[in-house]
Amino acid sequence: MAIHLNRKNRFYLEIVIALLAFSLAVSVTFVLFQYEREKQFKSETLNASLQALNREILSAVGAGMSPREAVNVARADDSVRVTVIDSLGNVLYDTDSDRPDTLSNHLDRSEIAHALKDGQAHIERRFSETENMHFFYSAASDHGLVVRSAIPYGRTLKHFLKVDSRFIWFMIAITCMMFIVSFAIARLLNRSVMDKGEREKHDLKRELTDNINHELKTPVSSIRAYLETIITIPDIDRKTMMNFAVKAFEQTERLNKLLQDISTITRLDEAGRMFGHEPVALKGIIDDIKEYVAVLPEEKRMKVCSDISDAEVVVGDPGLLNSIFRNLTENAIAYSSGTCIYINVLYSDRNRIEISFADNGVGVDEEHLEKIFDRFYRVDKGRSRKAGGTGLGLSIVKNAVLYHKGTIKARIRKGGGLEFIFTLYKK
């Protein structure tokens, strides 16, 4: 139960984090966008005002006034520095200099170059080497002259260009509301998903219970029939009685195997709390498989070929890892009608190993590949029961691989047969 709650809480936390991250990203993006937009608006507003001054001075000079006279007539604010430059970059007049002819050539100033090219330009912030401070520059050109207005970066300009912070507080409020909504949505999603998960889990348990009841009926009914025959017929001959007893014993073995598989599936469903976590040598498991196959009746025996070396060690539960190879082997023996089992390494590095488990039997049709890991799924139901299978072997294999954080898939083997590709981890 604790594990279930942890999963539930983790899922809920993931939803909350995702929604909060999205809300925060949207809010930050909007704030930055709005900040730049308002800053640009303020800058363009100031530029428009200075451009009007520049054009007025240019018109006055064009009407015959000298640069000094034109500036004195048009300029209403003494804090605005005005410079008049010819097309060659020479300063003709500057409000902050009595000797404009001593000022350096201004063609290298970006606002001058752009104004001569495009008719007007402005730079929000540039350092003036002449005044040794930053200015906001706005320039316009006409008739081979450039008039540049500049405002120093003092308290007045900074205040004017300062972005109104009220919208930031507004966005903070909106963000808080989005956070609250995110929590509410997360709770609803979590409840919906968990309810759906509980329903699916309930349906899966009910289906599993129905399948288990169905699978148990066959061996139990057979055992009862054999024993009932022996009990109700007192004069039954010993040979027939022993035959029935052997068949009853075989059914008990099948019943025992089914109960063991059900137990394993149940433990895996409960997050494997009873499974270990330790280094396991795969070569030892393969050797056990070879010994197991070697003592089988000759008609069931298959040759096991493997290139897995002693160096291949993975981390996991020894019993579960053994069940992966054991169930795959029993599946090949029971259903493949083949003669050989191939267990080979496809890829191996410091972290993981990819293994191919294949047989040279009849294989299965493509349509069955996605379903063969389902519980109690049988490619040939009649033949499966005769072979003594429980219908849980490949499901145990898949869940055991997933428990070890690996992946598994089935495919048709080149050359015939069925091949399982799965990964296990070494750390």
# chains A, B, ... in the order shown; residues from 1 in each chain; ligands from 1

call {"tool": "select_by_dssp", "arguments": {"residues": "region 306-413 of chain A", "states": "strand (DSSP E)", "output": "number ranges by chain"}}
result
A: 306, 313-316, 340-348, 352-359, 408-412

call {"tool": "residues_around", "arguments": {"residues": "Asp94 (chain A)", "least_positions_apart": "2", "cutoff": "7 Å", "atoms": "only C-alpha atoms", "output": "list in words"}}
result
Val82, Thr83, Val84, Asp96, Ser97 and Pro100 of chain A

call {"tool": "residues_around", "arguments": {"residues": "Leu321 (chain A)", "least_positions_apart": "5", "cutoff": "12 Å", "atoms": "only C-alpha atoms", "output": "NGL selection string"}}
result
:A and (275-286 or 288-289 or 313-316 or 326-328 or 396-404 or 406 or 422-425)

call {"tool": "write_last_selection", "arguments": {"atoms": "N, CA, C and O atoms", "output": "short mmCIF file (atom, residue, chain, number, x, y, z; two decimals), in the first residue's frame"}}
result
data_model
loop_
_atom_site.label_atom_id
_atom_site.label_comp_id
_atom_site.auth_asym_id
_atom_site.auth_seq_id
_atom_site.Cartn_x
_atom_site.Cartn_y
_atom_site.Cartn_z
N PHE A 275 12.07 -9.24 -3.80
CA PHE A 275 13.17 -9.62 -4.66
C PHE A 275 14.46 -8.91 -4.24
O PHE A 275 14.43 -7.80 -3.72
N GLY A 276 15.57 -9.56 -4.53
CA GLY A 276 16.88 -9.03 -4.14
C GLY A 276 17.51 -8.17 -5.21
O GLY A 276 16.94 -7.92 -6.27
N HIS A 277 18.74 -7.76 -4.93
CA HIS A 277 19.48 -6.88 -5.84
C HIS A 277 20.97 -7.11 -5.60
O HIS A 277 21.54 -6.52 -4.69
N GLU A 278 21.57 -7.95 -6.42
CA GLU A 278 22.97 -8.32 -6.22
C GLU A 278 23.60 -8.72 -7.55
O GLU A 278 22.90 -8.97 -8.53
N PRO A 279 24.95 -8.77 -7.61
CA PRO A 279 25.62 -9.20 -8.85
C PRO A 279 25.30 -10.67 -9.15
O PRO A 279 25.34 -11.53 -8.26
N VAL A 280 24.98 -10.95 -10.41
CA VAL A 280 24.63 -12.31 -10.83
C VAL A 280 25.39 -12.63 -12.12
O VAL A 280 25.30 -11.87 -13.10
N ALA A 281 26.13 -13.73 -12.12
CA ALA A 281 26.87 -14.16 -13.31
C ALA A 281 25.93 -14.89 -14.26
O ALA A 281 25.33 -15.91 -13.90
N LEU A 282 25.78 -14.38 -15.47
CA LEU A 282 24.86 -14.99 -16.43
C LEU A 282 25.34 -16.37 -16.88
O LEU A 282 24.53 -17.24 -17.19
N LYS A 283 26.65 -16.55 -16.90
CA LYS A 283 27.21 -17.86 -17.33
C LYS A 283 26.71 -18.97 -16.42
O LYS A 283 26.40 -20.08 -16.87
N GLY A 284 26.60 -18.69 -15.11
CA GLY A 284 26.11 -19.69 -14.18
C GLY A 284 24.67 -20.07 -14.47
O GLY A 284 24.29 -21.25 -14.37
N ILE A 285 23.85 -19.08 -14.84
CA ILE A 285 22.45 -19.37 -15.17
C ILE A 285 22.37 -20.22 -16.42
O ILE A 285 21.59 -21.19 -16.48
N ILE A 286 23.18 -19.89 -17.42
CA ILE A 286 23.18 -20.67 -18.67
C ILE A 286 23.62 -22.10 -18.40
O ILE A 286 23.06 -23.06 -18.95
N ASP A 288 23.18 -23.76 -15.65
CA ASP A 288 22.04 -24.43 -15.02
C ASP A 288 20.99 -24.83 -16.06
O ASP A 288 20.39 -25.91 -15.96
N ILE A 289 20.77 -23.96 -17.04
CA ILE A 289 19.81 -24.27 -18.10
C ILE A 289 20.27 -25.49 -18.89
O ILE A 289 19.47 -26.38 -19.21
N VAL A 313 28.35 -10.07 -16.00
CA VAL A 313 27.70 -10.06 -14.69
C VAL A 313 26.70 -8.90 -14.65
O VAL A 313 27.05 -7.76 -14.96
N VAL A 314 25.46 -9.21 -14.31
CA VAL A 314 24.43 -8.18 -14.21
C VAL A 314 23.99 -8.06 -12.75
O VAL A 314 24.33 -8.91 -11.92
N VAL A 315 23.26 -7.00 -12.47
CA VAL A 315 22.78 -6.77 -11.10
C VAL A 315 21.27 -7.01 -11.06
O VAL A 315 20.54 -6.45 -11.88
N GLY A 316 20.83 -7.85 -10.14
CA GLY A 316 19.40 -8.12 -10.03
C GLY A 316 19.13 -9.24 -9.05
O GLY A 316 19.97 -9.61 -8.23
N ARG A 326 14.85 -19.66 -17.75
CA ARG A 326 14.16 -20.93 -17.57
C ARG A 326 12.82 -20.93 -18.31
O ARG A 326 12.49 -21.90 -19.02
N ASN A 327 12.05 -19.85 -18.18
CA ASN A 327 10.76 -19.79 -18.87
C ASN A 327 10.91 -19.72 -20.38
O ASN A 327 10.11 -20.32 -21.12
N LEU A 328 11.91 -18.98 -20.85
CA LEU A 328 12.15 -18.93 -22.29
C LEU A 328 12.56 -20.31 -22.81
O LEU A 328 12.14 -20.73 -23.90
N ILE A 396 5.76 -13.65 -17.16
CA ILE A 396 6.76 -13.56 -16.09
C ILE A 396 8.08 -13.06 -16.66
O ILE A 396 8.76 -12.22 -16.05
N VAL A 397 8.45 -13.55 -17.84
CA VAL A 397 9.69 -13.12 -18.48
C VAL A 397 9.68 -11.61 -18.71
O VAL A 397 10.63 -10.90 -18.34
N LYS A 398 8.60 -11.11 -19.30
CA LYS A 398 8.52 -9.67 -19.59
C LYS A 398 8.56 -8.85 -18.32
O LYS A 398 9.31 -7.86 -18.22
N ASN A 399 7.76 -9.24 -17.32
CA ASN A 399 7.71 -8.47 -16.07
C ASN A 399 9.04 -8.54 -15.32
O ASN A 399 9.43 -7.58 -14.66
N ALA A 400 9.72 -9.67 -15.40
CA ALA A 400 11.02 -9.81 -14.74
C ALA A 400 12.06 -8.91 -15.41
O ALA A 400 12.88 -8.28 -14.73
N VAL A 401 12.02 -8.83 -16.74
CA VAL A 401 12.94 -7.95 -17.46
C VAL A 401 12.62 -6.49 -17.13
O VAL A 401 13.52 -5.69 -16.87
N LEU A 402 11.34 -6.14 -17.11
CA LEU A 402 10.95 -4.76 -16.78
C LEU A 402 11.33 -4.42 -15.35
O LEU A 402 11.72 -3.28 -15.05
N TYR A 403 11.21 -5.39 -14.44
CA TYR A 403 11.61 -5.15 -13.05
C TYR A 403 13.08 -4.78 -12.97
O TYR A 403 13.48 -3.97 -12.12
N HIS A 404 13.89 -5.35 -13.85
CA HIS A 404 15.33 -5.06 -13.88
C HIS A 404 15.65 -3.86 -14.78
O HIS A 404 16.79 -3.68 -15.19
N GLY A 406 14.94 -3.29 -17.80
CA GLY A 406 15.31 -3.63 -19.16
C GLY A 406 14.12 -3.56 -20.11
O GLY A 406 13.02 -3.17 -19.74
N PHE A 422 16.38 -8.97 -25.41
CA PHE A 422 16.14 -8.25 -24.16
C PHE A 422 17.44 -7.70 -23.59
O PHE A 422 18.53 -8.17 -23.92
N THR A 423 17.31 -6.67 -22.76
CA THR A 423 18.48 -6.03 -22.15
C THR A 423 18.45 -6.19 -20.63
O THR A 423 17.37 -6.22 -20.02
N LEU A 424 19.62 -6.27 -20.06
CA LEU A 424 19.79 -6.29 -18.61
C LEU A 424 20.92 -5.33 -18.26
O LEU A 424 21.81 -5.07 -19.09
N TYR A 425 20.91 -4.84 -17.03
CA TYR A 425 21.89 -3.82 -16.65
C TYR A 425 22.91 -4.37 -15.65
O TYR A 425 22.62 -5.24 -14.86
#

call {"tool": "residues_around", "arguments": {"residues": "region 87-92 of chain A", "least_positions_apart": "5", "cutoff": "7 Å", "atoms": "only C-alpha atoms", "output": "MDAnalysis selection string"}}
result
chainID A and resid 100:101 103 105:107 144:145

call {"tool": "residues_around", "arguments": {"residues": "Ser59 (chain A)", "least_positions_apart": "2", "cutoff": "12 Å", "atoms": "only C-alpha atoms", "output": "list in words"}}
result
Ala52, Leu53, Asn54, Arg55, Glu56, Ile57, Val61, Gly62, Ala63, Gly64, Met65, Ser66, Pro67, Glu69, Ala70, Val71, Val73, Ala74, Ala140, Ser141, Asp142, His143, Leu145, Val146 and Val147 of chain A

call {"tool": "atom_distance", "arguments": {"atom1": "CA of Phe376 (chain A)", "atom2": "CA of Leu392 (chain A)"}}
result
5.6 Å

call {"tool": "decode", "arguments": {"residues": "region 16-70 of chain A", "atoms": "C-alpha atoms", "output": "short mmCIF file (atom, residue, chain, number, x, y, z; two decimals), in the first residue's frame"}}
result
data_model
loop_
_atom_site.label_atom_id
_atom_site.label_comp_id
_atom_site.auth_asym_id
_atom_site.auth_seq_id
_atom_site.Cartn_x
_atom_site.Cartn_y
_atom_site.Cartn_z
CA VAL A 16 2.24 19.83 -10.49
CA ILE A 17 5.87 20.48 -11.46
CA ALA A 18 5.06 20.27 -15.17
CA LEU A 19 2.13 22.68 -14.90
CA LEU A 20 4.04 25.09 -12.66
CA ALA A 21 7.00 25.04 -15.03
CA PHE A 22 4.67 25.75 -17.95
CA SER A 23 2.94 28.57 -16.05
CA LEU A 24 6.26 30.09 -15.02
CA ALA A 25 7.62 29.83 -18.56
CA VAL A 26 4.53 31.55 -19.98
CA SER A 27 4.68 34.29 -17.35
CA VAL A 28 8.41 34.94 -17.76
CA THR A 29 8.09 34.96 -21.55
CA PHE A 30 5.21 37.43 -21.40
CA VAL A 31 7.02 39.67 -18.89
CA LEU A 32 10.15 39.78 -21.04
CA PHE A 33 8.11 40.38 -24.16
CA GLN A 34 6.08 43.15 -22.53
CA TYR A 35 9.19 44.67 -20.96
CA GLU A 36 10.97 44.86 -24.32
CA ARG A 37 7.83 46.10 -26.00
CA GLU A 38 7.30 48.94 -23.53
CA LYS A 39 10.99 49.78 -23.52
CA GLN A 40 10.93 49.98 -27.31
CA PHE A 41 7.81 52.14 -27.20
CA LYS A 42 9.46 54.58 -24.78
CA SER A 43 12.59 54.69 -26.92
CA GLU A 44 10.60 55.30 -30.12
CA THR A 45 8.55 58.01 -28.38
CA LEU A 46 11.70 59.86 -27.33
CA ASN A 47 13.22 59.37 -30.77
CA ALA A 48 10.10 60.79 -32.45
CA SER A 49 10.35 63.92 -30.28
CA LEU A 50 14.04 64.39 -31.10
CA GLN A 51 13.45 63.65 -34.79
CA ALA A 52 10.89 66.46 -34.86
CA LEU A 53 13.59 68.78 -33.46
CA ASN A 54 16.14 67.53 -36.01
CA ARG A 55 13.76 68.07 -38.93
CA GLU A 56 12.89 71.57 -37.73
CA ILE A 57 16.58 72.49 -37.59
CA LEU A 58 17.21 70.98 -41.04
CA SER A 59 14.30 72.98 -42.46
CA ALA A 60 15.60 76.17 -40.89
CA VAL A 61 19.11 75.59 -42.30
CA GLY A 62 17.57 74.80 -45.68
CA ALA A 63 15.68 78.12 -45.50
CA GLY A 64 18.98 80.03 -45.20
CA MET A 65 19.67 80.13 -41.45
CA SER A 66 23.07 79.27 -40.08
CA PRO A 67 23.31 76.08 -37.98
CA ARG A 68 23.74 78.18 -34.82
CA GLU A 69 20.68 80.31 -35.57
CA ALA A 70 18.56 77.29 -36.54
#
